[in-house]
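Visitor: File name run-v2.cif; file contents mmCIF, C-alpha atoms; full text below.
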```
data_run
#
loop_
_atom_site.label_atom_id
_atom_site.label_comp_id
_atom_site.auth_asym_id
_atom_site.auth_seq_id
_atom_site.Cartn_x
_atom_site.Cartn_y
_atom_site.Cartn_z
CA MET A 1250 4.19 -41.71 2.34
CA SER A 1251 2.33 -39.16 0.32
CA SER A 1252 3.83 -35.71 0.02
CA ASP A 1253 0.32 -34.24 0.01
CA TRP A 1254 -0.07 -33.56 3.69
CA GLY A 1255 -0.79 -30.60 5.91
CA LEU A 1256 -3.51 -28.90 7.89
CA LYS A 1257 -6.65 -27.28 6.56
CA ILE A 1258 -9.62 -25.81 8.40
CA ALA A 1259 -12.82 -25.07 6.51
CA GLN A 1260 -15.49 -22.49 7.13
CA THR A 1261 -18.62 -23.71 8.84
CA GLY A 1262 -20.76 -25.69 6.40
CA TYR A 1263 -17.96 -26.68 4.01
CA ASP A 1264 -16.19 -30.00 3.58
CA VAL A 1265 -12.48 -29.41 4.25
CA LYS A 1266 -11.56 -32.24 1.85
CA THR A 1267 -13.37 -30.85 -1.17
CA CYS A 1268 -14.04 -27.14 -0.75
CA THR A 1269 -12.18 -24.48 -2.67
CA ASP A 1270 -9.57 -22.31 -1.00
CA ASN A 1271 -11.89 -19.36 -0.52
CA HIS A 1272 -13.96 -21.43 1.87
CA LEU A 1273 -11.01 -22.28 4.09
CA VAL A 1274 -10.08 -20.29 7.16
CA TYR A 1275 -6.62 -21.84 7.31
CA SER A 1276 -4.30 -23.84 5.07
CA SER A 1277 -0.77 -24.80 6.03
CA GLU A 1278 -0.02 -24.82 2.29
CA TYR A 1279 0.17 -21.02 2.43
CA PRO A 1280 2.16 -18.92 4.87
CA GLN A 1281 0.33 -16.43 7.03
CA LEU A 1282 1.27 -12.85 7.61
CA LYS A 1283 3.26 -12.69 10.80
CA MET A 1284 2.90 -9.52 12.79
CA HIS A 1285 6.14 -7.91 13.87
CA SER A 1286 4.93 -4.80 15.68
CA SER A 1287 2.31 -2.11 15.74
CA GLY A 1288 1.95 1.41 16.97
CA SER A 1289 0.08 4.66 16.81
CA GLY A 1290 0.61 8.32 17.42
CA THR A 1291 -0.06 11.86 16.34
CA TYR A 1292 2.05 13.84 13.93
CA THR A 1293 1.81 17.61 13.74
CA ALA A 1294 3.40 19.41 10.85
CA THR A 1295 3.89 23.12 11.13
CA GLY A 1296 6.39 25.60 9.88
CA ALA A 1297 8.23 23.05 7.77
CA THR A 1298 8.16 23.21 4.05
CA LEU A 1299 4.82 22.12 2.73
CA LEU A 1300 6.35 20.72 -0.40
CA GLY A 1301 7.14 17.42 1.22
CA PHE A 1302 8.34 15.89 4.44
CA SER A 1303 8.37 12.59 6.27
CA THR A 1304 8.65 11.07 9.70
CA VAL A 1305 9.95 7.72 10.92
CA LEU A 1306 7.17 5.66 12.52
CA THR A 1307 9.37 2.83 13.71
CA THR A 1308 12.86 1.43 13.30
CA HIS A 1309 12.61 -2.33 12.70
CA ASN A 1310 16.14 -3.15 11.48
CA LEU A 1311 14.90 -6.19 9.54
CA GLY A 1312 17.30 -5.50 6.69
CA TYR A 1313 14.59 -5.84 4.04
CA ARG A 1314 11.36 -4.00 3.17
CA PRO A 1315 8.55 -5.57 5.17
CA PHE A 1316 4.83 -5.60 4.46
CA PHE A 1317 2.89 -2.94 6.35
CA ILE A 1318 -0.51 -1.34 6.66
CA LEU A 1319 -0.85 2.29 7.71
CA TRP A 1320 -4.00 4.20 8.57
CA VAL A 1321 -4.42 7.91 9.20
CA ASP A 1322 -7.21 9.97 10.68
CA ILE A 1323 -7.44 13.40 9.17
CA GLY A 1324 -10.72 14.15 10.89
CA SER A 1325 -13.15 11.64 9.46
CA GLY A 1326 -11.95 8.37 10.96
CA TYR A 1327 -9.09 6.07 10.08
CA GLN A 1328 -8.39 5.59 6.38
CA ILE A 1329 -5.85 3.30 4.82
CA VAL A 1330 -3.05 5.20 3.14
CA PRO A 1331 -2.26 6.51 0.60
CA VAL A 1332 -4.87 9.23 1.06
CA SER A 1333 -5.20 12.63 -0.53
CA PHE A 1334 -7.23 15.56 0.70
CA THR A 1335 -7.58 19.30 0.31
CA GLY A 1336 -6.59 21.66 3.10
CA GLY A 1337 -6.93 25.35 2.41
CA THR A 1338 -5.42 26.01 -0.98
CA TYR A 1339 -3.29 22.92 -1.13
CA ASN A 1340 -3.83 19.28 -1.95
CA LEU A 1341 -2.02 17.03 0.45
CA SER A 1342 -1.16 13.38 -0.13
CA ILE A 1343 -0.05 11.08 2.66
CA PHE A 1344 1.77 7.86 1.90
CA GLY A 1345 3.55 5.15 3.79
CA THR A 1346 6.84 3.71 2.68
CA THR A 1347 8.71 0.65 3.81
CA LYS A 1348 12.47 0.76 3.95
CA GLU A 1349 15.10 -1.77 4.89
CA ASN A 1350 15.33 -0.55 8.46
CA THR A 1351 12.42 1.83 9.00
CA LEU A 1352 8.74 2.36 8.33
CA GLU A 1353 8.00 5.96 7.42
CA MET A 1354 5.06 8.21 6.71
CA GLY A 1355 5.48 10.96 4.16
CA MET A 1356 3.46 13.84 2.83
CA VAL A 1357 3.68 15.82 -0.36
CA SER A 1358 1.57 18.76 -1.37
CA LEU A 1359 0.46 20.70 -4.37
CA ASP A 1360 -0.53 24.30 -3.83
CA THR A 1361 -3.44 25.24 -6.03
CA ALA A 1362 -3.32 28.98 -5.42
CA ASN A 1363 0.29 30.05 -5.43
CA PRO A 1364 2.57 30.17 -8.45
CA LEU A 1365 4.34 26.97 -9.26
CA TRP A 1366 7.56 25.92 -7.61
CA GLU A 1367 7.46 28.31 -4.72
CA GLU A 1368 8.70 27.14 -1.39
CA GLU A 1369 5.62 27.08 0.76
CA THR A 1370 5.27 26.71 4.47
CA ILE A 1371 2.48 25.47 6.65
CA PRO A 1372 0.75 28.43 8.30
CA PRO A 1373 1.81 28.52 11.97
CA ASP A 1374 -1.78 29.08 13.03
CA ASP A 1375 -3.08 26.21 10.93
CA PRO A 1376 -0.86 23.17 11.52
CA ILE A 1377 -1.62 19.83 9.91
CA THR A 1378 -2.34 17.21 12.55
CA VAL A 1379 -2.62 13.56 11.64
CA ASP A 1380 -3.43 10.67 13.95
CA TYR A 1381 -1.87 7.48 12.62
CA SER A 1382 -1.82 3.77 13.35
CA TRP A 1383 0.33 1.12 11.74
CA VAL A 1384 0.98 -2.60 11.67
CA LEU A 1385 4.25 -4.08 10.45
CA PHE A 1386 4.74 -7.70 9.43
CA TYR A 1387 7.79 -9.91 9.16
CA ASP A 1388 6.80 -10.89 5.65
CA PRO A 1389 8.60 -8.97 2.89
CA ALA A 1390 6.64 -6.63 0.67
CA GLN A 1391 8.79 -7.48 -2.32
CA ASN A 1392 8.88 -10.73 -4.21
CA GLU A 1393 12.63 -11.33 -3.95
CA MET B 150 -2.53 -18.52 22.95
CA LYS B 151 -0.55 -15.45 23.81
CA LYS B 152 1.91 -15.93 26.63
CA GLY B 153 0.13 -15.86 29.96
CA LYS B 154 -3.37 -16.23 28.49
CA ASP B 155 -5.75 -19.13 29.08
CA ILE B 156 -6.97 -21.31 26.20
CA THR B 157 -10.51 -20.94 27.49
CA SER B 158 -10.43 -17.17 27.03
CA THR B 159 -13.23 -15.88 24.83
CA ASN B 160 -11.33 -12.69 24.09
CA VAL B 161 -10.06 -12.99 20.53
CA LEU B 162 -7.17 -10.66 21.34
CA ASP B 163 -5.79 -13.29 23.75
CA HIS B 164 -5.32 -15.73 20.86
CA VAL B 165 -2.55 -15.86 18.27
CA PHE B 166 -4.62 -18.22 16.13
CA TRP B 167 -8.30 -19.12 16.32
CA SER B 168 -9.97 -20.99 13.49
CA LYS B 169 -13.18 -19.15 14.27
CA TYR B 170 -11.54 -16.02 12.88
CA PRO B 171 -9.78 -16.30 9.51
CA SER B 172 -6.37 -14.74 9.15
CA LEU B 173 -4.60 -13.84 5.94
CA ASN B 174 -2.82 -16.70 4.17
CA ILE B 175 -0.42 -15.72 1.40
CA LYS B 176 -1.38 -17.81 -1.60
CA SER B 177 1.01 -16.29 -4.11
CA MET B 178 3.39 -13.41 -4.68
CA GLY B 179 4.79 -11.91 -7.83
CA ARG B 180 6.24 -8.95 -9.62
CA VAL B 181 5.04 -7.26 -12.78
CA SER B 182 6.53 -4.40 -14.77
CA LEU B 183 4.26 -1.75 -16.20
CA THR B 184 5.57 0.90 -18.61
CA THR B 185 3.59 4.05 -19.25
CA THR B 186 3.70 5.53 -22.75
CA VAL B 187 2.52 8.64 -24.62
CA ASN B 188 0.42 8.97 -27.73
CA GLU B 189 1.30 10.84 -30.92
CA TYR B 190 0.34 14.14 -29.26
CA GLY B 191 2.50 13.52 -26.26
CA GLU B 192 -0.49 12.85 -24.03
CA PRO B 193 -0.39 10.16 -21.37
CA VAL B 194 -1.56 6.66 -22.20
CA VAL B 195 -2.77 4.48 -19.36
CA ALA B 196 -0.62 1.37 -19.06
CA THR B 197 -2.35 -1.86 -18.08
CA ALA B 198 -0.98 -5.26 -17.10
CA THR B 199 -3.04 -8.33 -16.33
CA VAL B 200 -1.68 -11.27 -14.37
CA SER B 201 -3.69 -14.47 -14.23
CA HIS B 202 -4.19 -16.16 -10.89
CA ASP B 203 -7.07 -18.51 -11.81
CA PHE B 204 -8.33 -18.76 -8.23
CA GLY B 205 -11.93 -18.71 -9.45
CA TYR B 206 -12.80 -16.00 -6.92
CA LYS B 207 -11.71 -12.45 -6.14
CA PRO B 208 -8.90 -12.68 -3.60
CA GLN B 209 -7.80 -10.03 -1.15
CA PHE B 210 -4.48 -8.54 -2.15
CA MET B 211 -1.88 -5.90 -1.45
CA ALA B 212 0.60 -4.37 -3.87
CA PHE B 213 3.58 -2.05 -3.62
CA THR B 214 5.59 -0.01 -6.09
CA ARG B 215 8.24 2.68 -6.29
CA SER B 216 7.07 6.17 -7.09
CA TYR B 217 8.45 8.07 -10.06
CA ALA B 218 9.26 10.76 -7.54
CA GLU B 219 11.60 8.50 -5.65
CA GLN B 220 13.64 7.82 -8.77
CA TYR B 221 13.82 11.20 -10.38
CA LEU B 222 12.90 14.17 -8.27
CA SER B 223 14.78 15.99 -5.60
CA LYS B 224 16.34 13.40 -3.35
CA VAL B 225 16.15 15.87 -0.51
CA ILE B 226 12.38 15.90 -0.49
CA PHE B 227 11.07 12.87 -2.28
CA ASN B 228 13.49 10.13 -1.46
CA ASN B 229 11.01 8.66 0.97
CA MET B 230 8.69 7.18 -1.63
CA GLU B 231 10.83 4.11 -1.91
CA LEU B 232 8.17 1.45 -1.73
CA VAL B 233 4.58 2.60 -1.36
CA ASN B 234 1.37 0.64 -1.31
CA LEU B 235 -1.37 0.86 -3.93
CA ASP B 236 -3.67 2.46 -4.85
CA PHE B 237 -1.16 5.23 -5.26
CA ASP B 238 -2.69 8.57 -6.26
CA ILE B 239 -0.50 11.57 -5.72
CA SER B 240 0.26 15.03 -7.11
CA TYR B 241 3.29 17.14 -6.36
CA GLU B 242 5.40 19.98 -7.64
CA ASP B 243 8.46 19.31 -9.73
CA ILE B 244 10.93 21.66 -11.35
CA GLY B 245 9.05 23.20 -14.25
CA GLN B 246 5.76 21.40 -13.88
CA ASN B 247 3.40 19.56 -11.57
CA ILE B 248 3.35 15.79 -11.63
CA THR B 249 0.41 13.47 -11.10
CA GLU B 250 0.74 9.71 -10.68
CA TYR B 251 -1.91 7.03 -10.45
CA VAL B 252 -1.01 3.39 -9.90
CA THR B 253 -3.93 1.09 -9.16
CA ALA B 254 -4.76 -2.59 -8.79
CA HIS B 255 -7.93 -4.65 -8.68
CA THR B 256 -8.82 -8.32 -8.81
CA THR B 257 -11.31 -10.37 -10.77
CA ASP B 258 -12.13 -14.07 -10.48
CA GLN B 259 -9.23 -14.92 -12.77
CA ASP B 260 -6.81 -12.01 -12.80
CA ILE B 261 -5.19 -9.19 -10.92
CA VAL B 262 -5.13 -6.06 -13.06
CA PHE B 263 -2.74 -3.13 -12.68
CA THR B 264 -2.92 0.31 -14.27
CA ALA B 265 -0.51 3.21 -14.23
CA THR B 266 -0.65 6.79 -15.46
CA ILE B 267 1.86 9.56 -15.02
CA TYR B 268 1.85 13.02 -16.52
CA GLY B 269 3.07 16.54 -16.03
CA TRP B 270 0.97 19.67 -16.31
CA SER B 271 1.51 23.38 -16.05
CA PRO B 272 -0.30 26.67 -16.72
CA PHE B 273 2.38 27.33 -19.30
CA PHE B 274 1.34 24.58 -21.66
CA SER B 275 -2.04 23.17 -22.55
CA GLY B 276 -3.13 19.68 -21.66
CA SER B 277 -1.12 17.04 -19.92
CA VAL B 278 2.23 15.78 -21.04
CA GLY B 279 2.68 12.07 -20.61
CA ILE B 280 5.80 10.60 -19.08
CA GLU B 281 7.30 7.28 -20.04
CA TRP B 282 8.16 5.36 -16.94
CA THR B 283 8.35 1.76 -15.77
CA TYR B 284 6.74 0.73 -12.50
CA ASP B 285 7.85 -2.52 -10.95
CA ILE B 286 4.91 -3.69 -8.87
CA ASP B 287 5.23 -6.35 -6.18
CA TYR B 288 1.95 -7.98 -5.27
CA MET B 289 0.67 -10.43 -2.72
CA LEU B 290 -2.51 -12.46 -3.27
CA PHE B 291 -4.22 -13.91 -0.24
CA MET B 292 -6.21 -17.11 0.01
CA GLU B 293 -9.09 -15.15 1.52
CA GLU B 294 -11.82 -13.86 -0.73
CA ALA B 295 -12.54 -10.14 -0.96
CA VAL B 296 -16.10 -10.51 0.29
CA PRO B 297 -17.72 -10.17 3.68
CA LEU B 298 -16.83 -13.08 5.89
CA PRO B 299 -19.50 -15.63 6.82
CA THR B 300 -21.13 -15.05 10.15
#
```
What's the structure tokens form of this structure?

Guide:
Amino acid sequence: MSSDWGLKIAQTGYDVKTCTDNHLVYSSEYPQLKMHSSGSGTYTATGATLLGFSTVLTTHNLGYRPFFILWVDIGSGYQIVPVSFTGGTYNLSIFGTTKENTLEMGMVSLDTANPLWEEETIPPDDPITVDYSWVLFYDPAQNE
Amino acid sequence: MKKGKDITSTNVLDHVFWSKYPSLNIKSMGRVSLTTTVNEYGEPVVATATVSHDFGYKPQFMAFTRSYAEQYLSKVIFNNMELVNLDFDISYEDIGQNITEYVTAHTTDQDIVFTATIYGWSPFFSGSVGIEWTYDIDYMLFMEEAVPLPT
């Protein structure tokens, strides 16, 4: 029995036996991303130090760092993170990070007006509000 | 089908797999190390690493790395950048200077190419001061091509 067996599905108009991989819609030779969970919400940052902070989006307890995709809406529709933008006198960068038991969203800032290394705070009357949406997969993000 | 859904459903969200709609197949994974350097003036030099995949087309991909901030800066504030996805473009305040990091990736028909730059800057010194640092980048190449899907 040949060891070259499996399942392939080709795109419309292509011969599954001869076409290249980019014209397949499925090949059992390669694993697929397997969705673990998803979610969305709104995060409002105010009063806290503007230098950097983070929030836990979900606790997955997988014990390894899983693949994820995170989008945020800072007023112009959902963008995939990391994203950076300017708000007032500061540049703000939003990133997602995958940990062994949690998926987290973090922000760091750089104030362009104030002297360096000051502790800055978000103006109480001008909070930063971010709508977010995420998808987490069982597949690990690291090649280990 | 999802539990409780009928196979005849025309709602794609009722299906866990439908060959009419391609899903991402992981064709290969790998890790590459990329070390940033400085030139004779102490300025940053962009580090580049090229990994051959030889797919013959530009695949979709995703890549992750650890930020310099996670390794070195205040653990109180920055310890959350443990494994972030590319393209990573971020600036932040450090003790004594501001730090900017860029870590990017793109694919060609034959390769996936990574670049990294990291430097500090401050009003108290002119220009940017490069930082030597090694980024370990984990990447995932998908079977699917990075082009619009056929209709």

Visitor: Name all residues at most 10 Å from Leu1306 of chain A (count all atoms listed in the file; drop same-chain ones fewer than 5 positions away) and give them as a ChimeraX atom specification.

Guide: /A:1287-1290,1292,1319,1345,1351-1354,1381-1383

Visitor: Using only C-alpha atoms, which of A:Ala1390, A:Val1379, A:Ile1343, A:Val1384 sits nearest Phe237 of chain B?

Guide: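 Result for the nearest residue to Phe237 of chain B: A:Ile1343.
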
Visitor: My list of candidates is B:Gln259, B:Asn234, B:Thr266, B:Thr186. Which is closest to chain A when distances are computed with all atoms listed in the file?

Guide: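 Nearest to chain A: B:Asn234.
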
Visitor: Against chain A, which residues of chain B fall within 8 Å? For each one I want the closest pair of atoms and the distance in Å (one decimal), counting all atoms listed in the file, rows by chain and increasing residue number, as JSON lines.

Guide:
```
{"residue": "B:Ser168", "atom": "CA", "partner": "A:Val1274", "partner_atom": "CA", "distance": 6.4}
{"residue": "B:Lys169", "atom": "CA", "partner": "A:Val1274", "partner_atom": "CA", "distance": 7.8}
{"residue": "B:Tyr170", "atom": "CA", "partner": "A:Val1274", "partner_atom": "CA", "distance": 7.3}
{"residue": "B:Pro171", "atom": "CA", "partner": "A:Val1274", "partner_atom": "CA", "distance": 4.6}
{"residue": "B:Ser172", "atom": "CA", "partner": "A:Val1274", "partner_atom": "CA", "distance": 7.0}
{"residue": "B:Leu173", "atom": "CA", "partner": "A:Gln1281", "partner_atom": "CA", "distance": 5.7}
{"residue": "B:Asn174", "atom": "CA", "partner": "A:Gln1281", "partner_atom": "CA", "distance": 4.3}
{"residue": "B:Ile175", "atom": "CA", "partner": "A:Pro1280", "partner_atom": "CA", "distance": 5.4}
{"residue": "B:Lys176", "atom": "CA", "partner": "A:Tyr1279", "partner_atom": "CA", "distance": 5.4}
{"residue": "B:Met178", "atom": "CA", "partner": "A:Asn1392", "partner_atom": "CA", "distance": 6.1}
{"residue": "B:Gly179", "atom": "CA", "partner": "A:Asn1392", "partner_atom": "CA", "distance": 5.6}
{"residue": "B:Arg180", "atom": "CA", "partner": "A:Asn1392", "partner_atom": "CA", "distance": 6.3}
{"residue": "B:Tyr206", "atom": "CA", "partner": "A:Asn1271", "partner_atom": "CA", "distance": 7.3}
{"residue": "B:Pro208", "atom": "CA", "partner": "A:Asn1271", "partner_atom": "CA", "distance": 7.9}
{"residue": "B:Ala212", "atom": "CA", "partner": "A:Ala1390", "partner_atom": "CA", "distance": 7.9}
{"residue": "B:Phe213", "atom": "CA", "partner": "A:Ala1390", "partner_atom": "CA", "distance": 7.0}
{"residue": "B:Ile226", "atom": "CA", "partner": "A:Gly1301", "partner_atom": "CA", "distance": 5.7}
{"residue": "B:Phe227", "atom": "CA", "partner": "A:Gly1301", "partner_atom": "CA", "distance": 7.0}
{"residue": "B:Asn229", "atom": "CA", "partner": "A:Thr1346", "partner_atom": "CA", "distance": 6.7}
{"residue": "B:Met230", "atom": "CA", "partner": "A:Thr1346", "partner_atom": "CA", "distance": 5.8}
{"residue": "B:Glu231", "atom": "CA", "partner": "A:Thr1346", "partner_atom": "CA", "distance": 6.1}
{"residue": "B:Leu232", "atom": "CA", "partner": "A:Thr1346", "partner_atom": "CA", "distance": 5.1}
{"residue": "B:Val233", "atom": "CA", "partner": "A:Thr1346", "partner_atom": "CA", "distance": 4.8}
{"residue": "B:Asn234", "atom": "CA", "partner": "A:Gly1345", "partner_atom": "CA", "distance": 7.1}
{"residue": "B:Leu235", "atom": "CA", "partner": "A:Pro1331", "partner_atom": "CA", "distance": 7.3}
{"residue": "B:Asp236", "atom": "CA", "partner": "A:Pro1331", "partner_atom": "CA", "distance": 6.9}
{"residue": "B:Phe237", "atom": "CA", "partner": "A:Pro1331", "partner_atom": "CA", "distance": 6.1}
{"residue": "B:Asp238", "atom": "CA", "partner": "A:Pro1331", "partner_atom": "CA", "distance": 7.2}
{"residue": "B:Ile239", "atom": "CA", "partner": "A:Ser1342", "partner_atom": "CA", "distance": 5.9}
{"residue": "B:Ser240", "atom": "CA", "partner": "A:Leu1359", "partner_atom": "CA", "distance": 6.3}
{"residue": "B:Tyr241", "atom": "CA", "partner": "A:Leu1359", "partner_atom": "CA", "distance": 5.0}
{"residue": "B:Glu242", "atom": "CA", "partner": "A:Leu1359", "partner_atom": "CA", "distance": 6.0}
{"residue": "B:Asp243", "atom": "CA", "partner": "A:Trp1366", "partner_atom": "CA", "distance": 7.0}
{"residue": "B:Ile244", "atom": "CA", "partner": "A:Trp1366", "partner_atom": "CA", "distance": 6.6}
{"residue": "B:Gly245", "atom": "CA", "partner": "A:Trp1366", "partner_atom": "CA", "distance": 7.3}
{"residue": "B:Gln246", "atom": "CA", "partner": "A:Leu1365", "partner_atom": "CA", "distance": 7.4}
{"residue": "B:Asn247", "atom": "CA", "partner": "A:Leu1365", "partner_atom": "CA", "distance": 7.8}
{"residue": "B:Asp287", "atom": "CA", "partner": "A:Gln1391", "partner_atom": "CA", "distance": 5.4}
{"residue": "B:Tyr288", "atom": "CA", "partner": "A:Gln1391", "partner_atom": "CA", "distance": 7.5}
{"residue": "B:Met289", "atom": "CA", "partner": "A:Ala1390", "partner_atom": "CA", "distance": 7.8}
{"residue": "B:Met292", "atom": "CA", "partner": "A:Asn1271", "partner_atom": "CA", "distance": 6.1}
{"residue": "B:Glu293", "atom": "CA", "partner": "A:Asn1271", "partner_atom": "CA", "distance": 5.5}
{"residue": "B:Glu294", "atom": "CA", "partner": "A:Asn1271", "partner_atom": "CA", "distance": 5.5}
{"residue": "B:Pro299", "atom": "CA", "partner": "A:Gln1260", "partner_atom": "CA", "distance": 8.0}
```

Visitor: One decimal, in Å: what's the spacing between atom CA of Asp260 of chain B and atom CA of Gly1255 of chain A?

Guide: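 Separating atom CA of Asp260 of chain B from atom CA of Gly1255 of chain A is a distance of 27.1 Å.
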
Visitor: For atom CA of Glu250 of chain B and atom CA of Ala265 of chain B, quote the distance in Å rounded to one decimal.

Guide: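 Computing the Euclidean distance for atom CA of Glu250 of chain B and atom CA of Ala265 of chain B yields 7.5 Å.
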
Visitor: Step by step, work through what the PyMOL selection byres ((chain B and resi 183) around 12) selects in the shown file, and finish by giving those residues as a count of residues only.

Guide: 31

Visitor: So what do you get for atom CA of His255 of chain B versus atom CA of Tyr268 of chain B, distance-wise?

Guide: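 These two atoms are separated by 21.7 Å.
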